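Participant: Structure: entry-v6.cif, mmCIF, C-alpha atoms and all ligand atoms.
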```cif
data_final
#
loop_
_atom_site.group_PDB
_atom_site.id
_atom_site.type_symbol
_atom_site.label_atom_id
_atom_site.label_comp_id
_atom_site.auth_asym_id
_atom_site.auth_seq_id
_atom_site.Cartn_x
_atom_site.Cartn_y
_atom_site.Cartn_z
ATOM 1 C CA MET A 1 -10.284 7.459 91.069
ATOM 2 C CA THR A 2 -10.814 9.890 88.204
ATOM 3 C CA ARG A 3 -9.165 9.117 84.915
ATOM 4 C CA ALA A 4 -6.164 11.158 83.693
ATOM 5 C CA TRP A 5 -7.108 13.078 80.568
ATOM 6 C CA ALA A 6 -6.279 16.156 78.484
ATOM 7 C CA ALA A 7 -8.471 18.640 76.647
ATOM 8 C CA GLY A 8 -7.739 18.893 72.911
ATOM 9 C CA LEU A 9 -9.269 21.557 70.682
ATOM 10 C CA ASP A 10 -8.964 21.679 66.894
ATOM 11 C CA MET A 11 -9.939 24.894 65.163
ATOM 12 C CA GLY A 12 -10.832 24.816 61.458
ATOM 13 C CA GLY A 13 -12.004 27.629 59.224
ATOM 14 C CA THR A 14 -15.668 26.940 59.979
ATOM 15 C CA ASN A 15 -15.914 24.576 62.948
ATOM 16 C CA ILE A 16 -14.227 23.820 66.225
ATOM 17 C CA ARG A 17 -13.927 20.314 67.653
ATOM 18 C CA CYS A 18 -13.167 20.057 71.316
ATOM 19 C CA ALA A 19 -12.597 16.770 73.147
ATOM 20 C CA ALA A 20 -11.636 15.151 76.403
ATOM 21 C CA VAL A 21 -8.914 12.643 75.480
ATOM 22 C CA SER A 22 -7.640 10.001 77.891
ATOM 23 C CA ALA A 23 -3.924 9.699 78.680
ATOM 24 C CA SER A 24 -3.879 6.704 76.337
ATOM 25 C CA GLY A 25 -5.529 8.576 73.458
ATOM 26 C CA ASP A 26 -9.194 7.546 73.702
ATOM 27 C CA VAL A 27 -11.762 10.233 72.969
ATOM 28 C CA LEU A 28 -13.957 10.301 76.107
ATOM 29 C CA LEU A 29 -16.163 13.213 75.127
ATOM 30 C CA MET A 30 -16.436 15.387 72.015
ATOM 31 C CA GLU A 31 -18.139 18.743 71.480
ATOM 32 C CA HIS A 32 -18.553 20.907 68.380
ATOM 33 C CA GLY A 33 -19.032 24.610 67.796
ATOM 34 C CA PRO A 34 -18.536 27.395 65.260
ATOM 35 C CA SER A 35 -15.093 29.004 64.704
ATOM 36 C CA HIS A 36 -16.317 32.582 64.115
ATOM 37 C CA ALA A 37 -13.002 33.015 62.314
ATOM 38 C CA SER A 38 -13.915 36.342 60.693
ATOM 39 C CA ARG A 39 -14.293 38.146 64.036
ATOM 40 C CA GLN A 40 -11.704 40.387 65.690
ATOM 41 C CA ALA A 41 -8.516 38.721 66.963
ATOM 42 C CA ALA A 42 -9.553 38.717 70.637
ATOM 43 C CA ALA A 43 -13.136 37.637 69.866
ATOM 44 C CA VAL A 44 -11.899 34.549 67.977
ATOM 45 C CA ALA A 45 -9.771 33.632 71.021
ATOM 46 C CA GLU A 46 -12.671 34.315 73.425
ATOM 47 C CA ASN A 47 -14.827 31.925 71.409
ATOM 48 C CA ILE A 48 -12.134 29.222 71.715
ATOM 49 C CA ALA A 49 -11.877 29.824 75.470
ATOM 50 C CA ALA A 50 -15.677 29.631 75.832
ATOM 51 C CA GLN A 51 -15.782 26.257 74.065
ATOM 52 C CA LEU A 52 -12.943 24.933 76.213
ATOM 53 C CA THR A 53 -14.716 26.136 79.356
ATOM 54 C CA HIS A 54 -17.890 24.401 78.190
ATOM 55 C CA LEU A 55 -15.991 21.151 77.653
ATOM 56 C CA LEU A 56 -14.371 21.376 81.088
ATOM 57 C CA ASP A 57 -17.821 21.935 82.665
ATOM 58 C CA THR A 58 -19.325 18.954 80.831
ATOM 59 C CA ALA A 59 -16.359 16.773 81.816
ATOM 60 C CA ARG A 60 -16.703 17.783 85.474
ATOM 61 C CA ARG A 61 -20.437 17.005 85.435
ATOM 62 C CA ARG A 62 -19.686 13.566 84.012
ATOM 63 C CA GLY A 63 -17.247 12.848 86.814
ATOM 64 C CA LEU A 64 -14.046 13.189 84.797
ATOM 65 C CA GLY A 65 -12.633 15.892 87.061
ATOM 66 C CA SER A 66 -10.090 18.396 85.703
ATOM 67 C CA PRO A 67 -7.774 17.826 82.739
ATOM 68 C CA ARG A 68 -4.083 17.293 83.273
ATOM 69 C CA ALA A 69 -3.292 19.606 80.345
ATOM 70 C CA ILE A 70 -4.957 21.670 77.603
ATOM 71 C CA GLY A 71 -3.889 21.716 73.937
ATOM 72 C CA VAL A 72 -5.198 23.930 71.149
ATOM 73 C CA ALA A 73 -4.489 23.238 67.451
ATOM 74 C CA VAL A 74 -4.861 26.113 64.994
ATOM 75 C CA PRO A 75 -3.912 26.535 61.335
ATOM 76 C CA GLY A 76 -0.930 28.514 60.146
ATOM 77 C CA PRO A 77 2.678 29.008 61.175
ATOM 78 C CA LEU A 78 3.035 29.745 64.875
ATOM 79 C CA ASN A 79 5.739 29.948 67.518
ATOM 80 C CA VAL A 80 5.090 26.859 69.592
ATOM 81 C CA TYR A 81 7.153 28.141 72.550
ATOM 82 C CA SER A 82 5.532 31.544 72.937
ATOM 83 C CA GLY A 83 2.151 30.499 71.493
ATOM 84 C CA THR A 84 2.173 33.400 69.037
ATOM 85 C CA VAL A 85 0.279 32.798 65.792
ATOM 86 C CA MET A 86 2.219 34.470 62.973
ATOM 87 C CA GLN A 87 -0.432 34.237 60.313
ATOM 88 C CA ALA A 88 -3.529 32.066 60.055
ATOM 89 C CA PRO A 89 -5.518 31.164 56.986
ATOM 90 C CA HIS A 90 -9.222 31.799 57.833
ATOM 91 C CA VAL A 91 -8.378 34.133 60.739
ATOM 92 C CA GLY A 92 -7.344 37.352 59.039
ATOM 93 C CA ALA A 93 -7.039 39.193 62.369
ATOM 94 C CA TRP A 94 -4.361 36.856 63.770
ATOM 95 C CA ARG A 95 -1.037 38.338 62.686
ATOM 96 C CA GLY A 96 1.618 37.963 65.341
ATOM 97 C CA TYR A 97 -1.207 37.304 67.806
ATOM 98 C CA SER A 98 -0.363 36.045 71.313
ATOM 99 C CA LEU A 99 -3.025 33.344 71.362
ATOM 100 C CA ARG A 100 -1.507 31.347 74.205
ATOM 101 C CA ARG A 101 -1.244 34.329 76.538
ATOM 102 C CA LYS A 102 -4.842 35.351 75.771
ATOM 103 C CA LEU A 103 -6.241 31.841 76.308
ATOM 104 C CA GLU A 104 -4.294 31.358 79.549
ATOM 105 C CA ALA A 105 -5.634 34.686 80.848
ATOM 106 C CA LEU A 106 -9.203 33.679 79.971
ATOM 107 C CA ILE A 107 -9.058 30.109 81.276
ATOM 108 C CA GLY A 108 -6.630 30.584 84.150
ATOM 109 C CA ARG A 109 -4.604 27.515 83.174
ATOM 110 C CA MET A 110 -1.572 26.665 81.080
ATOM 111 C CA VAL A 111 -2.337 26.049 77.403
ATOM 112 C CA VAL A 112 -0.163 24.492 74.674
ATOM 113 C CA VAL A 113 -0.755 25.922 71.194
ATOM 114 C CA GLU A 114 0.284 23.780 68.221
ATOM 115 C CA ASN A 115 -0.112 23.951 64.445
ATOM 116 C CA ASP A 116 -3.095 21.827 63.352
ATOM 117 C CA ALA A 117 -1.215 19.629 60.867
ATOM 118 C CA ASN A 118 1.603 19.085 63.386
ATOM 119 C CA ALA A 119 -1.028 18.056 65.925
ATOM 120 C CA TRP A 120 -2.577 15.675 63.420
ATOM 121 C CA ALA A 121 0.849 14.111 62.770
ATOM 122 C CA LEU A 122 1.265 13.542 66.526
ATOM 123 C CA GLY A 123 -2.226 12.037 66.681
ATOM 124 C CA GLU A 124 -1.590 9.631 63.776
ATOM 125 C CA CYS A 125 1.667 8.495 65.434
ATOM 126 C CA TRP A 126 -0.050 8.064 68.794
ATOM 127 C CA ARG A 127 -3.265 6.313 67.815
ATOM 128 C CA GLY A 128 -3.590 6.309 64.020
ATOM 129 C CA ALA A 129 -2.047 5.006 60.799
ATOM 130 C CA ALA A 130 1.517 5.791 61.925
ATOM 131 C CA ARG A 131 1.291 4.144 65.345
ATOM 132 C CA GLY A 132 4.742 3.133 66.530
ATOM 133 C CA ARG A 133 6.474 4.609 63.453
ATOM 134 C CA ARG A 134 9.476 6.888 63.928
ATOM 135 C CA ASP A 135 9.873 8.545 60.521
ATOM 136 C CA VAL A 136 6.667 9.888 59.071
ATOM 137 C CA VAL A 137 5.604 12.614 56.650
ATOM 138 C CA LEU A 138 1.985 13.701 57.110
ATOM 139 C CA LEU A 139 0.064 15.736 54.550
ATOM 140 C CA THR A 140 -3.410 17.103 55.178
ATOM 141 C CA LEU A 141 -5.221 17.862 51.944
ATOM 142 C CA GLY A 142 -8.135 20.093 52.919
ATOM 143 C CA THR A 143 -9.046 23.643 51.927
ATOM 144 C CA GLY A 144 -5.263 24.110 51.884
ATOM 145 C CA VAL A 145 -2.388 21.676 52.380
ATOM 146 C CA GLY A 146 -0.833 21.225 55.819
ATOM 147 C CA GLY A 147 2.194 19.185 56.773
ATOM 148 C CA GLY A 148 3.715 17.518 59.816
ATOM 149 C CA LEU A 149 7.096 15.797 60.075
ATOM 150 C CA ILE A 150 8.090 13.135 62.558
ATOM 151 C CA VAL A 151 11.814 12.370 62.384
ATOM 152 C CA GLY A 152 13.375 9.795 64.693
ATOM 153 C CA GLY A 153 10.155 9.642 66.699
ATOM 154 C CA LYS A 154 10.015 13.390 67.316
ATOM 155 C CA LEU A 155 7.896 16.104 65.768
ATOM 156 C CA VAL A 156 10.131 18.517 63.859
ATOM 157 C CA HIS A 157 9.514 22.054 65.105
ATOM 158 C CA GLY A 158 12.498 23.836 63.606
ATOM 159 C CA ARG A 159 13.790 26.874 65.458
ATOM 160 C CA SER A 160 10.431 28.055 66.749
ATOM 161 C CA GLY A 161 7.748 25.640 65.657
ATOM 162 C CA MET A 162 7.095 26.726 62.112
ATOM 163 C CA ALA A 163 8.791 23.819 60.305
ATOM 164 C CA GLY A 164 6.774 21.432 58.177
ATOM 165 C CA GLU A 165 4.819 23.849 55.962
ATOM 166 C CA LEU A 166 4.830 21.144 53.297
ATOM 167 C CA GLY A 167 1.909 22.646 51.397
ATOM 168 C CA HIS A 168 4.107 25.560 50.419
ATOM 169 C CA VAL A 169 6.929 23.781 48.656
ATOM 170 C CA THR A 170 7.179 24.985 45.064
ATOM 171 C CA VAL A 171 6.093 22.364 42.540
ATOM 172 C CA ASP A 172 5.836 24.753 39.581
ATOM 173 C CA PRO A 173 7.897 27.966 39.603
ATOM 174 C CA ASP A 174 5.493 29.513 37.088
ATOM 175 C CA GLY A 175 2.342 28.287 38.816
ATOM 176 C CA PRO A 176 -0.522 30.337 40.222
ATOM 177 C CA ARG A 177 -0.136 32.825 43.038
ATOM 178 C CA CYS A 178 -0.553 31.321 46.509
ATOM 179 C CA ASP A 179 -1.970 33.025 49.624
ATOM 180 C CA CYS A 180 1.462 32.661 51.236
ATOM 181 C CA GLY A 181 2.922 35.085 48.683
ATOM 182 C CA SER A 182 4.766 32.492 46.582
ATOM 183 C CA ASN A 183 3.847 30.898 43.258
ATOM 184 C CA GLY A 184 3.047 27.317 42.271
ATOM 185 C CA CYS A 185 2.908 25.871 45.806
ATOM 186 C CA LEU A 186 1.685 22.284 46.296
ATOM 187 C CA GLU A 187 -1.389 23.853 47.929
ATOM 188 C CA SER A 188 -2.249 25.528 44.602
ATOM 189 C CA TYR A 189 -3.061 22.069 43.188
ATOM 190 C CA ALA A 190 -3.598 19.293 45.743
ATOM 191 C CA SER A 191 -6.210 21.016 47.907
ATOM 192 C CA ALA A 192 -9.892 21.898 47.603
ATOM 193 C CA SER A 193 -9.001 25.471 46.619
ATOM 194 C CA GLY A 194 -6.362 24.177 44.199
ATOM 195 C CA LEU A 195 -8.810 21.773 42.543
ATOM 196 C CA ARG A 196 -11.326 24.570 42.253
ATOM 197 C CA GLY A 197 -8.671 26.656 40.489
ATOM 198 C CA LEU A 198 -7.886 23.788 38.104
ATOM 199 C CA VAL A 199 -11.590 23.399 37.248
ATOM 200 C CA GLU A 200 -12.007 27.153 36.713
ATOM 201 C CA GLN A 201 -8.962 27.217 34.482
ATOM 202 C CA ARG A 202 -10.224 24.330 32.347
ATOM 203 C CA LEU A 203 -13.682 25.875 32.028
ATOM 204 C CA GLY A 204 -12.207 29.301 31.255
ATOM 205 C CA LEU A 205 -13.946 30.828 34.285
ATOM 206 C CA SER A 206 -12.612 33.723 36.292
ATOM 207 C CA PRO A 207 -11.797 32.911 39.942
ATOM 208 C CA GLY A 208 -14.942 32.740 42.077
ATOM 209 C CA ALA A 209 -17.326 32.567 39.078
ATOM 210 C CA PRO A 210 -20.358 30.249 39.472
ATOM 211 C CA LEU A 211 -19.488 26.574 38.913
ATOM 212 C CA PRO A 212 -21.543 23.768 37.329
ATOM 213 C CA ALA A 213 -24.275 22.433 39.646
ATOM 214 C CA GLN A 214 -22.695 18.934 39.895
ATOM 215 C CA ILE A 215 -19.643 20.270 41.708
ATOM 216 C CA ILE A 216 -21.184 22.631 44.238
ATOM 217 C CA ASP A 217 -22.726 21.732 47.589
ATOM 218 C CA SER A 218 -26.067 22.882 49.015
ATOM 219 C CA GLY A 219 -24.397 26.058 50.300
ATOM 220 C CA GLY A 220 -23.206 26.973 46.795
ATOM 221 C CA ASN A 221 -19.551 26.184 47.559
ATOM 222 C CA PHE A 222 -17.171 24.100 45.475
ATOM 223 C CA SER A 223 -17.459 20.451 46.530
ATOM 224 C CA VAL A 224 -14.560 17.991 46.231
ATOM 225 C CA ARG A 225 -17.104 15.244 46.933
ATOM 226 C CA GLY A 226 -19.120 16.449 43.923
ATOM 227 C CA LEU A 227 -15.990 16.486 41.759
ATOM 228 C CA SER A 228 -15.169 12.940 42.957
ATOM 229 C CA ALA A 229 -18.665 11.779 42.031
ATOM 230 C CA GLN A 230 -18.142 13.252 38.566
ATOM 231 C CA ALA A 231 -14.795 11.440 38.276
ATOM 232 C CA ARG A 232 -16.509 8.196 39.289
ATOM 233 C CA ARG A 233 -18.938 8.723 36.390
ATOM 234 C CA GLY A 234 -15.969 9.124 34.038
ATOM 235 C CA ASP A 235 -16.319 12.891 33.576
ATOM 236 C CA LYS A 236 -13.250 14.127 31.665
ATOM 237 C CA LEU A 237 -12.992 17.503 33.391
ATOM 238 C CA ALA A 238 -13.021 15.925 36.863
ATOM 239 C CA LEU A 239 -10.560 13.175 35.916
ATOM 240 C CA GLU A 240 -8.174 15.742 34.412
ATOM 241 C CA ALA A 241 -8.336 18.001 37.466
ATOM 242 C CA PHE A 242 -7.506 15.077 39.792
ATOM 243 C CA ALA A 243 -4.774 13.814 37.440
ATOM 244 C CA THR A 244 -3.122 17.257 37.513
ATOM 245 C CA ALA A 245 -3.411 17.480 41.313
ATOM 246 C CA GLY A 246 -1.915 13.964 41.583
ATOM 247 C CA TYR A 247 0.953 14.905 39.269
ATOM 248 C CA TYR A 248 2.006 17.817 41.486
ATOM 249 C CA LEU A 249 1.373 15.824 44.671
ATOM 250 C CA GLY A 250 3.707 13.122 43.320
ATOM 251 C CA ILE A 251 6.428 15.701 42.574
ATOM 252 C CA ALA A 252 6.223 16.976 46.150
ATOM 253 C CA ILE A 253 6.098 13.501 47.724
ATOM 254 C CA ALA A 254 9.165 12.408 45.723
ATOM 255 C CA SER A 255 11.102 15.298 47.265
ATOM 256 C CA PHE A 256 9.824 14.514 50.766
ATOM 257 C CA LEU A 257 10.933 10.880 50.298
ATOM 258 C CA ASN A 258 14.406 11.933 49.167
ATOM 259 C CA ILE A 259 14.780 14.439 52.009
ATOM 260 C CA PHE A 260 13.383 12.421 54.930
ATOM 261 C CA ASN A 261 13.570 8.729 53.941
ATOM 262 C CA PRO A 262 10.330 8.065 55.881
ATOM 263 C CA GLU A 263 8.631 4.739 56.582
ATOM 264 C CA LEU A 264 5.255 6.249 55.873
ATOM 265 C CA VAL A 265 3.660 9.122 54.034
ATOM 266 C CA VAL A 266 0.259 9.608 55.658
ATOM 267 C CA ILE A 267 -2.367 11.547 53.713
ATOM 268 C CA GLY A 268 -5.455 12.939 55.433
ATOM 269 C CA GLY A 269 -8.071 15.655 54.958
ATOM 270 C CA GLY A 270 -11.191 16.018 52.837
ATOM 271 C CA VAL A 271 -9.353 15.701 49.517
ATOM 272 C CA ALA A 272 -7.656 12.436 50.575
ATOM 273 C CA GLY A 273 -10.882 10.567 49.680
ATOM 274 C CA ALA A 274 -10.099 11.389 46.037
ATOM 275 C CA ILE A 275 -6.642 9.757 46.142
ATOM 276 C CA PRO A 276 -7.859 6.890 43.885
ATOM 277 C CA TYR A 277 -8.295 9.481 41.098
ATOM 278 C CA MET A 278 -4.864 11.009 41.750
ATOM 279 C CA ARG A 279 -2.878 7.847 42.458
ATOM 280 C CA LYS A 280 -1.766 7.024 38.903
ATOM 281 C CA THR A 281 -0.151 10.391 38.090
ATOM 282 C CA MET A 282 1.099 10.696 41.675
ATOM 283 C CA MET A 283 2.875 7.328 41.632
ATOM 284 C CA THR A 284 4.385 7.946 38.190
ATOM 285 C CA GLN A 285 6.078 11.091 39.526
ATOM 286 C CA VAL A 286 7.180 9.330 42.717
ATOM 287 C CA ARG A 287 8.759 6.527 40.655
ATOM 288 C CA GLU A 288 10.416 8.927 38.221
ATOM 289 C CA ARG A 289 11.788 11.379 40.778
ATOM 290 C CA ALA A 290 12.549 9.632 44.074
ATOM 291 C CA PHE A 291 15.481 7.263 44.569
ATOM 292 C CA THR A 292 14.093 3.760 44.113
ATOM 293 C CA ALA A 293 15.964 2.564 47.210
ATOM 294 C CA ILE A 294 14.220 5.272 49.263
ATOM 295 C CA ALA A 295 10.769 5.051 47.666
ATOM 296 C CA SER A 296 10.709 1.262 48.081
ATOM 297 C CA GLN A 297 11.059 1.673 51.863
ATOM 298 C CA ALA A 298 8.061 3.976 52.169
ATOM 299 C CA LYS A 299 4.339 3.295 52.063
ATOM 300 C CA ILE A 300 1.851 5.995 51.113
ATOM 301 C CA VAL A 301 -1.275 5.467 53.218
ATOM 302 C CA ARG A 302 -4.480 7.239 54.223
ATOM 303 C CA ALA A 303 -4.736 8.818 57.677
ATOM 304 C CA ALA A 304 -6.730 6.701 60.124
ATOM 305 C CA LEU A 305 -8.097 9.151 62.682
ATOM 306 C CA GLY A 306 -10.336 11.206 60.368
ATOM 307 C CA PRO A 307 -11.939 14.211 62.054
ATOM 308 C CA ARG A 308 -10.577 13.104 65.459
ATOM 309 C CA GLY A 309 -6.947 13.556 64.346
ATOM 310 C CA GLY A 310 -6.656 17.189 65.387
ATOM 311 C CA VAL A 311 -8.177 16.852 68.874
ATOM 312 C CA VAL A 312 -6.255 13.663 69.693
ATOM 313 C CA GLY A 313 -3.025 15.323 68.511
ATOM 314 C CA ALA A 314 -3.741 18.556 70.403
ATOM 315 C CA ALA A 315 -4.230 16.496 73.563
ATOM 316 C CA TYR A 316 -0.967 14.642 72.911
ATOM 317 C CA ALA A 317 0.855 17.964 72.407
ATOM 318 C CA ALA A 318 -0.572 19.182 75.706
ATOM 319 C CA LEU A 319 0.510 16.031 77.572
ATOM 320 C CA HIS A 320 4.014 16.228 76.015
ATOM 321 C CA PRO A 321 4.702 19.972 75.827
ATOM 322 C CA PRO A 322 7.493 21.006 73.453
ATOM 323 C CA THR A 323 10.860 21.679 75.019
ATOM 324 C CA ARG A 324 13.763 23.472 73.417
ATOM 325 C CA SER A 325 16.648 21.030 73.216
HETATM 326 ZN ZN ZN A 401 2.099 28.864 49.329
#
```
How would this structure read if it were set down as structure tokens?
Facilitator:
Amino acid sequence: MTRAWAAGLDMGGTNIRCAAVSASGDVLLMEHGPSHASRQAAAVAENIAAQLTHLLDTARRRGLGSPRAIGVAVPGPLNVYSGTVMQAPHVGAWRGYSLRRKLEALIGRMVVVENDANAWALGECWRGAARGRRDVVLLTLGTGVGGGLIVGGKLVHGRSGMAGELGHVTVDPDGPRCDCGSNGCLESYASASGLRGLVEQRLGLSPGAPLPAQIIDSGGNFSVRGLSAQARRGDKLALEAFATAGYYLGIAIASFLNIFNPELVVIGGGVAGAIPYMRKTMMTQVRERAFTAIASQAKIVRAALGPRGGVVGAAYAALHPPTRS
């Protein structure tokens, strides 16, 4: 008998992860490929479909048979019922783009499209740090800041699936301009791009100007890992940048605690590794701003699934498709 499984695909700005995930959440097979996010709207979708098709072929060859369902996680606000992506960071061409319809036409099967941070939240509740928890706030601190809310054991979709954009709560009304059109969003501080902005500001550099060698990677891009290494060495600039990011992260988390009274705040993404350098200022703000009775019921923990979070969550979303209640 072949095993029941779902295909889960997680699209980032640079890479795509695509996996066969068992009905109990085990990753049976994982493939990687480029996102080609700067291409035309249809070409980006065709690339996703090609990687899914490749995964389905590999799975068939390995005797897994066909998936029970297919889930695709992409960044940005989207209508989870129609599968229309409203706006996607990294994919400039997706504005009101009917991704689900396009993928279903290309693959010839039903596809569930979910926001990547929402998918991650589902994954962490299924097989990660929030296993068995019913009230969870998930934050993904990566290039930007994503959010996913689980309330009473259910992912909060809002009217059409766009709820939970936690990276775009205002933490400083006079803060820097955000890509979303607002000012002083959490994302402007507690993300890789936010940290880069904080470093540029402290060094008096204009946005995009060359950065010191210690904080760029081999490709010449700003490196949070490099900044963390500097903080570990006691570098003042790095410690200050993380302290500022932690301060604003704490302000946001205090509000999330007061609004949702969660059991857990789960923090994932590439910047989460630097939490030790943000924790002090973060916790001071949480203590000062959240009700003690609420904050004392919540733990702030690191995500457990790492890079698998998105694919596991996309598979879960596919196996439990959203229904309007
Ligand atoms: Zn914003």
Participant: Tell me which residues the PyMOL selection byres (((chain A and resi 162) around 7) and not hetatm) grabs here, as an MDAnalysis selection string.
Facilitator: chainID A and resid 77:79 157:158 160:161 163:164
Participant: Nearest to ligand ZN 401 (chain A): which of A:Tyr248, A:Tyr316, A:Tyr189, A:Phe291 is it, counting all atoms listed in the file?
Facilitator: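 That would be A:Tyr189, the residue with the smallest distance to ligand ZN 401 (chain A).
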Participant: Leaving out A:Val137 and any residue of its chain fewer than 5 positions from it, which residues lie within 8 Å of it when counting only C-alpha atoms, given as a PyMOL selection string?
Facilitator: chain A and resi 121+147-150+256+260+262+264-266
Participant: Produce a file of the selected residues containing C-alpha atoms, as an mmCIF file, keeping the file's coordinate frame.
Facilitator:
```cif
data_model
loop_
_atom_site.group_PDB
_atom_site.id
_atom_site.type_symbol
_atom_site.label_atom_id
_atom_site.label_comp_id
_atom_site.auth_asym_id
_atom_site.auth_seq_id
_atom_site.Cartn_x
_atom_site.Cartn_y
_atom_site.Cartn_z
ATOM 1 C CA ALA A 121 0.849 14.111 62.770
ATOM 2 C CA GLY A 147 2.194 19.185 56.773
ATOM 3 C CA GLY A 148 3.715 17.518 59.816
ATOM 4 C CA LEU A 149 7.096 15.797 60.075
ATOM 5 C CA ILE A 150 8.090 13.135 62.558
ATOM 6 C CA PHE A 256 9.824 14.514 50.766
ATOM 7 C CA PHE A 260 13.383 12.421 54.930
ATOM 8 C CA PRO A 262 10.330 8.065 55.881
ATOM 9 C CA LEU A 264 5.255 6.249 55.873
ATOM 10 C CA VAL A 265 3.660 9.122 54.034
ATOM 11 C CA VAL A 266 0.259 9.608 55.658
#
```
Participant: Find the nearest atom pair between each residue of chain A and ligand ZN 401 (chain A) for residues within 12 Å, count all atoms listed in the file, give distances in Å to one decimal, sort rows by chain and ascending number, and present the table as CSV.
Facilitator:
```
residue,atom,partner,partner_atom,distance
A:Gly76,CA,A:ZN401,ZN,11.2
A:Pro77,CA,A:ZN401,ZN,11.9
A:Pro89,CA,A:ZN401,ZN,11.0
A:Gly144,CA,A:ZN401,ZN,9.1
A:Val145,CA,A:ZN401,ZN,9.0
A:Gly146,CA,A:ZN401,ZN,10.4
A:Glu165,CA,A:ZN401,ZN,8.7
A:Leu166,CA,A:ZN401,ZN,9.1
A:Gly167,CA,A:ZN401,ZN,6.6
A:His168,CA,A:ZN401,ZN,4.0
A:Val169,CA,A:ZN401,ZN,7.0
A:Thr170,CA,A:ZN401,ZN,7.7
A:Val171,CA,A:ZN401,ZN,10.2
A:Asp172,CA,A:ZN401,ZN,11.2
A:Pro173,CA,A:ZN401,ZN,11.4
A:Gly175,CA,A:ZN401,ZN,10.5
A:Pro176,CA,A:ZN401,ZN,9.6
A:Arg177,CA,A:ZN401,ZN,7.8
A:Cys178,CA,A:ZN401,ZN,4.6
A:Asp179,CA,A:ZN401,ZN,5.8
A:Cys180,CA,A:ZN401,ZN,4.3
A:Gly181,CA,A:ZN401,ZN,6.3
A:Ser182,CA,A:ZN401,ZN,5.3
A:Asn183,CA,A:ZN401,ZN,6.6
A:Gly184,CA,A:ZN401,ZN,7.3
A:Cys185,CA,A:ZN401,ZN,4.7
A:Leu186,CA,A:ZN401,ZN,7.3
A:Glu187,CA,A:ZN401,ZN,6.3
A:Ser188,CA,A:ZN401,ZN,7.2
A:Tyr189,CA,A:ZN401,ZN,10.5
A:Ala190,CA,A:ZN401,ZN,11.7
A:Ser191,CA,A:ZN401,ZN,11.5
A:Ser193,CA,A:ZN401,ZN,11.9
A:Gly194,CA,A:ZN401,ZN,10.9
```
Participant: Using the chain letters and numbering of this document, enumerate as a list in words the residues selected by the PyMOL selection byres (((chain A and resi 93) around 8) and not hetatm).
Facilitator: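 Evaluating the PyMOL selection byres (((chain A and resi 93) around 8) and not hetatm) on these coordinates yields Ser38, Arg39, Gln40, Ala41, Val91, Gly92, Trp94 and Arg95 of chain A.
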Participant: Output C-alpha atoms of each residue in that selection to a file, as a CSV table (one decimal), keeping the file's coordinate frame.
Facilitator:
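And here's part.csv as it stands now:
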```csv
chain,number,residue,atom,x,y,z
A,38,SER,CA,-13.9,36.3,60.7
A,39,ARG,CA,-14.3,38.1,64.0
A,40,GLN,CA,-11.7,40.4,65.7
A,41,ALA,CA,-8.5,38.7,67.0
A,91,VAL,CA,-8.4,34.1,60.7
A,92,GLY,CA,-7.3,37.4,59.0
A,94,TRP,CA,-4.4,36.9,63.8
A,95,ARG,CA,-1.0,38.3,62.7
```
Participant: Considering only C-alpha atoms, return as a list in words whatever protein or nucleic-acid residues lie within 12 Å of A:Glu46, sequence-local ones (same chain, fewer than 6 positions apart) excluded.
Facilitator: Ser35, His36, Ala37, Arg39, Gln40, Leu52, Thr53, Leu99, Arg100, Arg101, Lys102, Leu103, Glu104, Ala105, Leu106 and Ile107 of chain A
Participant: One decimal, Å: what's the distance from atom CA of A:Gly250 over to atom CA of A:Ala317, could you say?
Facilitator: 29.6 Å
Participant: Give me, please, the distance in Å between atom CA of A:Trp120 and atom CA of A:Arg289, quoted to one decimal.
Facilitator: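 Pair atom CA of A:Trp120 / atom CA of A:Arg289 returns 27.2 Å.
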Participant: Calculated over only C-alpha atoms, which of the candidates A:Ala119, A:Ala303, A:Ile294, A:Val44 has the smallest distance to A:Ile16?
Facilitator: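 Of A:Ala119, A:Ala303, A:Ile294, A:Val44, the one nearest A:Ile16 is A:Val44, counting only C-alpha atoms.
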Participant: Evaluate the PyMOL selection byres (((chain A and resi 222) around 12) and not hetatm) against this structure - the residues, as a compact mmCIF listing (two decimals) with C-alpha atoms, in the coordinates of the input, please.
Facilitator:
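Saved result, expr_38.txt, follows:
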```
# COMPACT_ATOMS: atom_id res chain seq x y z
CA THR A 143 -9.05 23.64 51.93
CA SER A 191 -6.21 21.02 47.91
CA ALA A 192 -9.89 21.90 47.60
CA SER A 193 -9.00 25.47 46.62
CA GLY A 194 -6.36 24.18 44.20
CA LEU A 195 -8.81 21.77 42.54
CA ARG A 196 -11.33 24.57 42.25
CA GLY A 197 -8.67 26.66 40.49
CA LEU A 198 -7.89 23.79 38.10
CA VAL A 199 -11.59 23.40 37.25
CA GLU A 200 -12.01 27.15 36.71
CA PRO A 207 -11.80 32.91 39.94
CA GLY A 208 -14.94 32.74 42.08
CA ALA A 209 -17.33 32.57 39.08
CA PRO A 210 -20.36 30.25 39.47
CA LEU A 211 -19.49 26.57 38.91
CA PRO A 212 -21.54 23.77 37.33
CA ALA A 213 -24.28 22.43 39.65
CA GLN A 214 -22.70 18.93 39.90
CA ILE A 215 -19.64 20.27 41.71
CA ILE A 216 -21.18 22.63 44.24
CA ASP A 217 -22.73 21.73 47.59
CA SER A 218 -26.07 22.88 49.02
CA GLY A 219 -24.40 26.06 50.30
CA GLY A 220 -23.21 26.97 46.80
CA ASN A 221 -19.55 26.18 47.56
CA SER A 223 -17.46 20.45 46.53
CA VAL A 224 -14.56 17.99 46.23
CA ARG A 225 -17.10 15.24 46.93
CA GLY A 226 -19.12 16.45 43.92
CA LEU A 227 -15.99 16.49 41.76
CA SER A 228 -15.17 12.94 42.96
```
